[in-house]
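Engineer: The structure follows.
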Amino acid sequence: MALALNVDGREVEVAEGASVREACAAAGVTVPTLCYNDGFTPANACRLCVVELEGSRTLVAACSRPAEQGMRVLTASERVRHSRRMVLEFLGSSVDLSLAAGLAGPLAEYGARPERFGAAAETVAQPPKVDNPLYVRDYSKCVLCYRCVQACGSEAQNTFAIWVSGRGFEARIATEYDAALPDSACVYCGNCVQACPTGALTFKSEYDLRQAGTWDQSRQAQTTTICPYCGVGCSLELLVQDNQVVRVSSPAGHDITRGNLCIKGRFGTQAPEGAGVARRFPARPPS
């Protein structure tokens, strides 16, 4: 059954069960998102995708609100723009968004000025956690979007090594009982790293290059290949700089991996540490 909606004055039709975000996309309107990730249940955590719905007292999250027959949606009203601007300013005033490439555009588009809250604004600044040779956790960049939690949970890896602990300004991503990562249930698949939109989770190889000031996108190239460690056939996208693999991802739309990899696929192609890690840890096929 098709549903007819009006988005910013445009009449569109979407299938029953589609979200307002999908209806906006059908109308050619891009709604900014942060916590939303294809294939995961909408987390409703960031509120960046809010739109104005005729007859609704409050703004609604486009990523999770089901489309309904006859809806009239506004995606760029002053009320919507003000809300998105405030969300971006609150995020930018409390966390480091320097590696959140997907937010650079919205910050400029909505005229967000996080600096107006001043240097004394509440912050989550803290030193990066470098406790393993594979990836670094820099929670000063974490916006609590839940994407890493979902990647580790029932919608992808089914490891459940991390969750959101605490409330309010004390809320943080943590392992069980705040154990060190090597002592936790983490299997180092790195799916959380791929899901992270802000650089709070980073390949150790990338982190080291950035710390040394030698991270240079102009010297990088991407190569698509097949993981050599087993017969599953996972597709890999290797980011290479100076003949060294600095980051490994997998296409989200791949019918085998759906963006997920095991420890060998994610980290085994890196040298010199990656190969050693791949030998020490057994492979765990993506769920």
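Residue numbers start at 1 in each chain; chains themselves are named A, B, ... in the order of the structure tokens; ligands are numbered from 1 in the order shown.
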Running DSSP on the backbone, which parts of range 110-212 of chain A land in strand (DSSP E or B), as a list of chain:residue names?
Structural biologist: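 Taking range 110-212 of chain A and keeping strand (DSSP E or B) only, one gets A:Lys129, A:Tyr135, A:Val136, A:Arg137, A:Ile162, A:Trp163, A:Val164, A:Ser165, A:Arg172, A:Ile173, A:Ala174, A:Thr175, A:Leu201, A:Thr202, A:Phe203.
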Engineer: Could you turn the residues from that selection into a file that holds N, CA and C atoms, as a PDB file, in the first residue's frame?
Structural biologist:
ATOM      1  N   LYS A 129      42.349   6.684  25.181  1.00  0.00           N
ATOM      2  CA  LYS A 129      42.654   5.390  25.790  1.00  0.00           C
ATOM      3  C   LYS A 129      43.405   4.545  24.754  1.00  0.00           C
ATOM      4  N   TYR A 135      43.086  -0.388  17.976  1.00  0.00           N
ATOM      5  CA  TYR A 135      42.361   0.868  17.818  1.00  0.00           C
ATOM      6  C   TYR A 135      42.366   1.671  19.110  1.00  0.00           C
ATOM      7  N   VAL A 136      42.159   2.978  18.943  1.00  0.00           N
ATOM      8  CA  VAL A 136      42.239   3.932  20.044  1.00  0.00           C
ATOM      9  C   VAL A 136      40.853   4.480  20.334  1.00  0.00           C
ATOM     10  N   ARG A 137      40.533   4.653  21.620  1.00  0.00           N
ATOM     11  CA  ARG A 137      39.255   5.236  22.028  1.00  0.00           C
ATOM     12  C   ARG A 137      39.506   6.628  22.585  1.00  0.00           C
ATOM     13  N   ILE A 162      30.163  -3.485  25.065  1.00  0.00           N
ATOM     14  CA  ILE A 162      30.054  -2.090  25.496  1.00  0.00           C
ATOM     15  C   ILE A 162      28.595  -1.675  25.619  1.00  0.00           C
ATOM     16  N   TRP A 163      28.382  -0.642  26.409  1.00  0.00           N
ATOM     17  CA  TRP A 163      27.056  -0.062  26.565  1.00  0.00           C
ATOM     18  C   TRP A 163      27.234   1.355  27.104  1.00  0.00           C
ATOM     19  N   VAL A 164      26.133   2.096  27.186  1.00  0.00           N
ATOM     20  CA  VAL A 164      26.203   3.438  27.761  1.00  0.00           C
ATOM     21  C   VAL A 164      26.014   3.335  29.265  1.00  0.00           C
ATOM     22  N   SER A 165      26.987   3.838  29.998  1.00  0.00           N
ATOM     23  CA  SER A 165      26.959   3.792  31.453  1.00  0.00           C
ATOM     24  C   SER A 165      26.793   5.201  32.000  1.00  0.00           C
ATOM     25  N   ARG A 172      28.561   7.735  29.458  1.00  0.00           N
ATOM     26  CA  ARG A 172      29.768   7.425  28.691  1.00  0.00           C
ATOM     27  C   ARG A 172      29.667   6.012  28.138  1.00  0.00           C
ATOM     28  N   ILE A 173      30.425   5.738  27.098  1.00  0.00           N
ATOM     29  CA  ILE A 173      30.522   4.383  26.572  1.00  0.00           C
ATOM     30  C   ILE A 173      31.510   3.618  27.447  1.00  0.00           C
ATOM     31  N   ALA A 174      31.108   2.459  27.926  1.00  0.00           N
ATOM     32  CA  ALA A 174      31.964   1.715  28.841  1.00  0.00           C
ATOM     33  C   ALA A 174      31.835   0.216  28.616  1.00  0.00           C
ATOM     34  N   THR A 175      32.868  -0.497  29.001  1.00  0.00           N
ATOM     35  CA  THR A 175      32.828  -1.956  29.006  1.00  0.00           C
ATOM     36  C   THR A 175      32.140  -2.426  30.282  1.00  0.00           C
ATOM     37  N   LEU A 201      36.510   6.593  17.834  1.00  0.00           N
ATOM     38  CA  LEU A 201      37.166   5.299  17.674  1.00  0.00           C
ATOM     39  C   LEU A 201      37.988   5.361  16.388  1.00  0.00           C
ATOM     40  N   THR A 202      39.278   5.073  16.498  1.00  0.00           N
ATOM     41  CA  THR A 202      40.187   5.255  15.372  1.00  0.00           C
ATOM     42  C   THR A 202      41.184   4.107  15.303  1.00  0.00           C
ATOM     43  N   PHE A 203      41.524   3.684  14.095  1.00  0.00           N
ATOM     44  CA  PHE A 203      42.599   2.716  13.916  1.00  0.00           C
ATOM     45  C   PHE A 203      43.869   3.245  14.564  1.00  0.00           C
TER      46      PHE A 203
END
Engineer: Determine, counting only C-alpha atoms, which protein, DNA and RNA residues have an atom within 8 Å of an atom of Ala45 in chain A; residues of the same chain fewer than 6 positions away are not included. Present the result as a list in words.
Structural biologist: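 Final neighbour list, sorted by chain and number: Cys35, Leu144, Cys145 and Tyr146 of chain A.
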Engineer: As a PyMOL selection string, please: the residues near range 61-64 of chain A (cut-off 10 Å, only C-alpha atoms, same-chain neighbours under 2 positions excluded).
Structural biologist: chain A and resi 18-24+31-33+35-37+41-53+58-59+66-67+73+75
Engineer: Please return, as an mmCIF file with C-alpha atoms, in the first residue's frame, all residues of range 99-266 of chain A that DSSP assigns to alpha helix (DSSP H) on the basis of the backbone.
Structural biologist:
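Output file result.cif follows:
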data_model
loop_
_atom_site.group_PDB
_atom_site.id
_atom_site.type_symbol
_atom_site.label_atom_id
_atom_site.label_comp_id
_atom_site.auth_asym_id
_atom_site.auth_seq_id
_atom_site.Cartn_x
_atom_site.Cartn_y
_atom_site.Cartn_z
ATOM 1 C CA ALA A 101 33.664 15.000 8.713
ATOM 2 C CA GLY A 102 29.926 14.492 8.302
ATOM 3 C CA LEU A 103 29.148 17.453 10.578
ATOM 4 C CA ALA A 104 31.290 20.069 8.857
ATOM 5 C CA GLY A 105 28.571 20.753 6.290
ATOM 6 C CA PRO A 106 25.665 21.051 8.764
ATOM 7 C CA LEU A 107 27.707 23.263 11.111
ATOM 8 C CA ALA A 108 28.216 25.721 8.272
ATOM 9 C CA GLU A 109 24.737 25.351 6.781
ATOM 10 C CA ARG A 147 26.190 3.486 16.800
ATOM 11 C CA CYS A 148 29.135 1.613 18.345
ATOM 12 C CA VAL A 149 26.810 0.018 20.895
ATOM 13 C CA GLN A 150 24.491 -1.164 18.140
ATOM 14 C CA ALA A 151 27.416 -2.494 16.086
ATOM 15 C CA CYS A 152 28.571 -4.516 19.093
ATOM 16 C CA ASN A 191 32.846 -2.942 13.623
ATOM 17 C CA CYS A 192 32.366 -0.204 16.214
ATOM 18 C CA VAL A 193 35.262 1.717 14.649
ATOM 19 C CA GLN A 194 33.597 1.653 11.243
ATOM 20 C CA ALA A 195 30.270 2.741 12.741
ATOM 21 C CA LYS A 204 45.855 2.796 15.880
ATOM 22 C CA SER A 205 47.718 3.207 12.599
ATOM 23 C CA GLU A 206 45.656 6.287 11.728
ATOM 24 C CA TYR A 207 45.990 7.678 15.248
ATOM 25 C CA ASP A 208 49.788 7.337 15.179
ATOM 26 C CA LEU A 209 50.031 9.133 11.830
ATOM 27 C CA ARG A 210 47.814 11.974 13.038
ATOM 28 C CA GLN A 211 49.830 12.315 16.250
ATOM 29 C CA ALA A 212 53.033 12.466 14.226
ATOM 30 C CA ILE A 263 39.466 -9.246 13.585
ATOM 31 C CA LYS A 264 41.512 -10.781 10.777
ATOM 32 C CA GLY A 265 39.672 -8.974 8.029
ATOM 33 C CA ARG A 266 39.731 -5.645 9.859
#
Engineer: Neighbours of Lys141 in chain A within 6 Å (only C-alpha atoms; same-chain residues fewer than 6 positions away dropped), as a ChimeraX atom specification?
Structural biologist: /A:95-96,200
Engineer: Considering only C-alpha atoms, can you say which of A:Arg72, A:Arg116, A:Arg219, A:Arg258 comes closest to Val7 in chain A?
Structural biologist: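 Among A:Arg72, A:Arg116, A:Arg219, A:Arg258, it is A:Arg72 that comes nearest to Val7 in chain A.
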Engineer: In terms of the shortest atom-to-atom distance over only C-alpha atoms, which of A:Pro251, A:Gly55, A:Pro182, A:Gly70 is closest to Ala2 in chain A?
Structural biologist: A:Gly70
Engineer: Measure the distance from CA of Asp38 in chain A to CA of Gly259 in chain A in Å and round it to one decimal.
Structural biologist: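 Answer for the CA of Asp38 in chain A to CA of Gly259 in chain A separation: 10.2 Å.
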Engineer: Would you mind reading off the distance between CA of Gly231 in chain A and CA of Cys189 in chain A, one decimal, in Å?
Structural biologist: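 Separation of CA of Gly231 in chain A and CA of Cys189 in chain A: 17.4 Å.
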Engineer: Can you pull out every residue within 7 Å of Ala100 in chain A, counting only C-alpha atoms, but drop anything in the same chain fewer than 3 positions away, and send it as a PyMOL selection string?
Structural biologist: chain A and resi 97+103+197-199
Engineer: Restricting the output to N, CA and C atoms, write the selected residues as a PDB file, in the first residue's frame.
Structural biologist:
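selection-v1.pdb was written with the following content:
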ATOM      1  N   LEU A  97      34.774  17.966  17.717  1.00  0.00           N
ATOM      2  CA  LEU A  97      34.188  17.516  16.454  1.00  0.00           C
ATOM      3  C   LEU A  97      35.159  17.649  15.279  1.00  0.00           C
ATOM      4  N   LEU A 103      29.796  16.317   9.920  1.00  0.00           N
ATOM      5  CA  LEU A 103      29.148  17.453  10.578  1.00  0.00           C
ATOM      6  C   LEU A 103      29.673  18.797  10.105  1.00  0.00           C
ATOM      7  N   PRO A 197      30.936   7.914  13.832  1.00  0.00           N
ATOM      8  CA  PRO A 197      30.923   9.031  12.881  1.00  0.00           C
ATOM      9  C   PRO A 197      31.787  10.224  13.279  1.00  0.00           C
ATOM     10  N   THR A 198      32.435  10.175  14.440  1.00  0.00           N
ATOM     11  CA  THR A 198      33.127  11.369  14.934  1.00  0.00           C
ATOM     12  C   THR A 198      34.623  11.181  15.169  1.00  0.00           C
ATOM     13  N   GLY A 199      35.170  10.007  14.927  1.00  0.00           N
ATOM     14  CA  GLY A 199      36.579   9.772  15.187  1.00  0.00           C
ATOM     15  C   GLY A 199      36.885   9.448  16.628  1.00  0.00           C
TER      16      GLY A 199
END
Engineer: Of the candidates A:Arg247, A:Asp138, A:Ala112, A:Val187, which shows the shortest atom-to-atom distance to Ser83 in chain A, using only C-alpha atoms?
Structural biologist: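 Closest to Ser83 in chain A of all the choices is A:Ala112.
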Engineer: So that I can see what lies close to Phe90 in chain A, please list as a list in words the residues with an atom at most 8 Å from it, counting only C-alpha atoms and leaving out residues fewer than 4 positions away in the same chain.
Structural biologist: Met86, Ser94 and Pro114 of chain A
Engineer: Restricting the calculation to only C-alpha atoms: of A:Thr123, A:Arg113, A:Gln241, A:Ser249, which residue gets closest to Arg84 in chain A?
Structural biologist: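 Counting only C-alpha atoms, the residue closest to Arg84 in chain A is A:Arg113.
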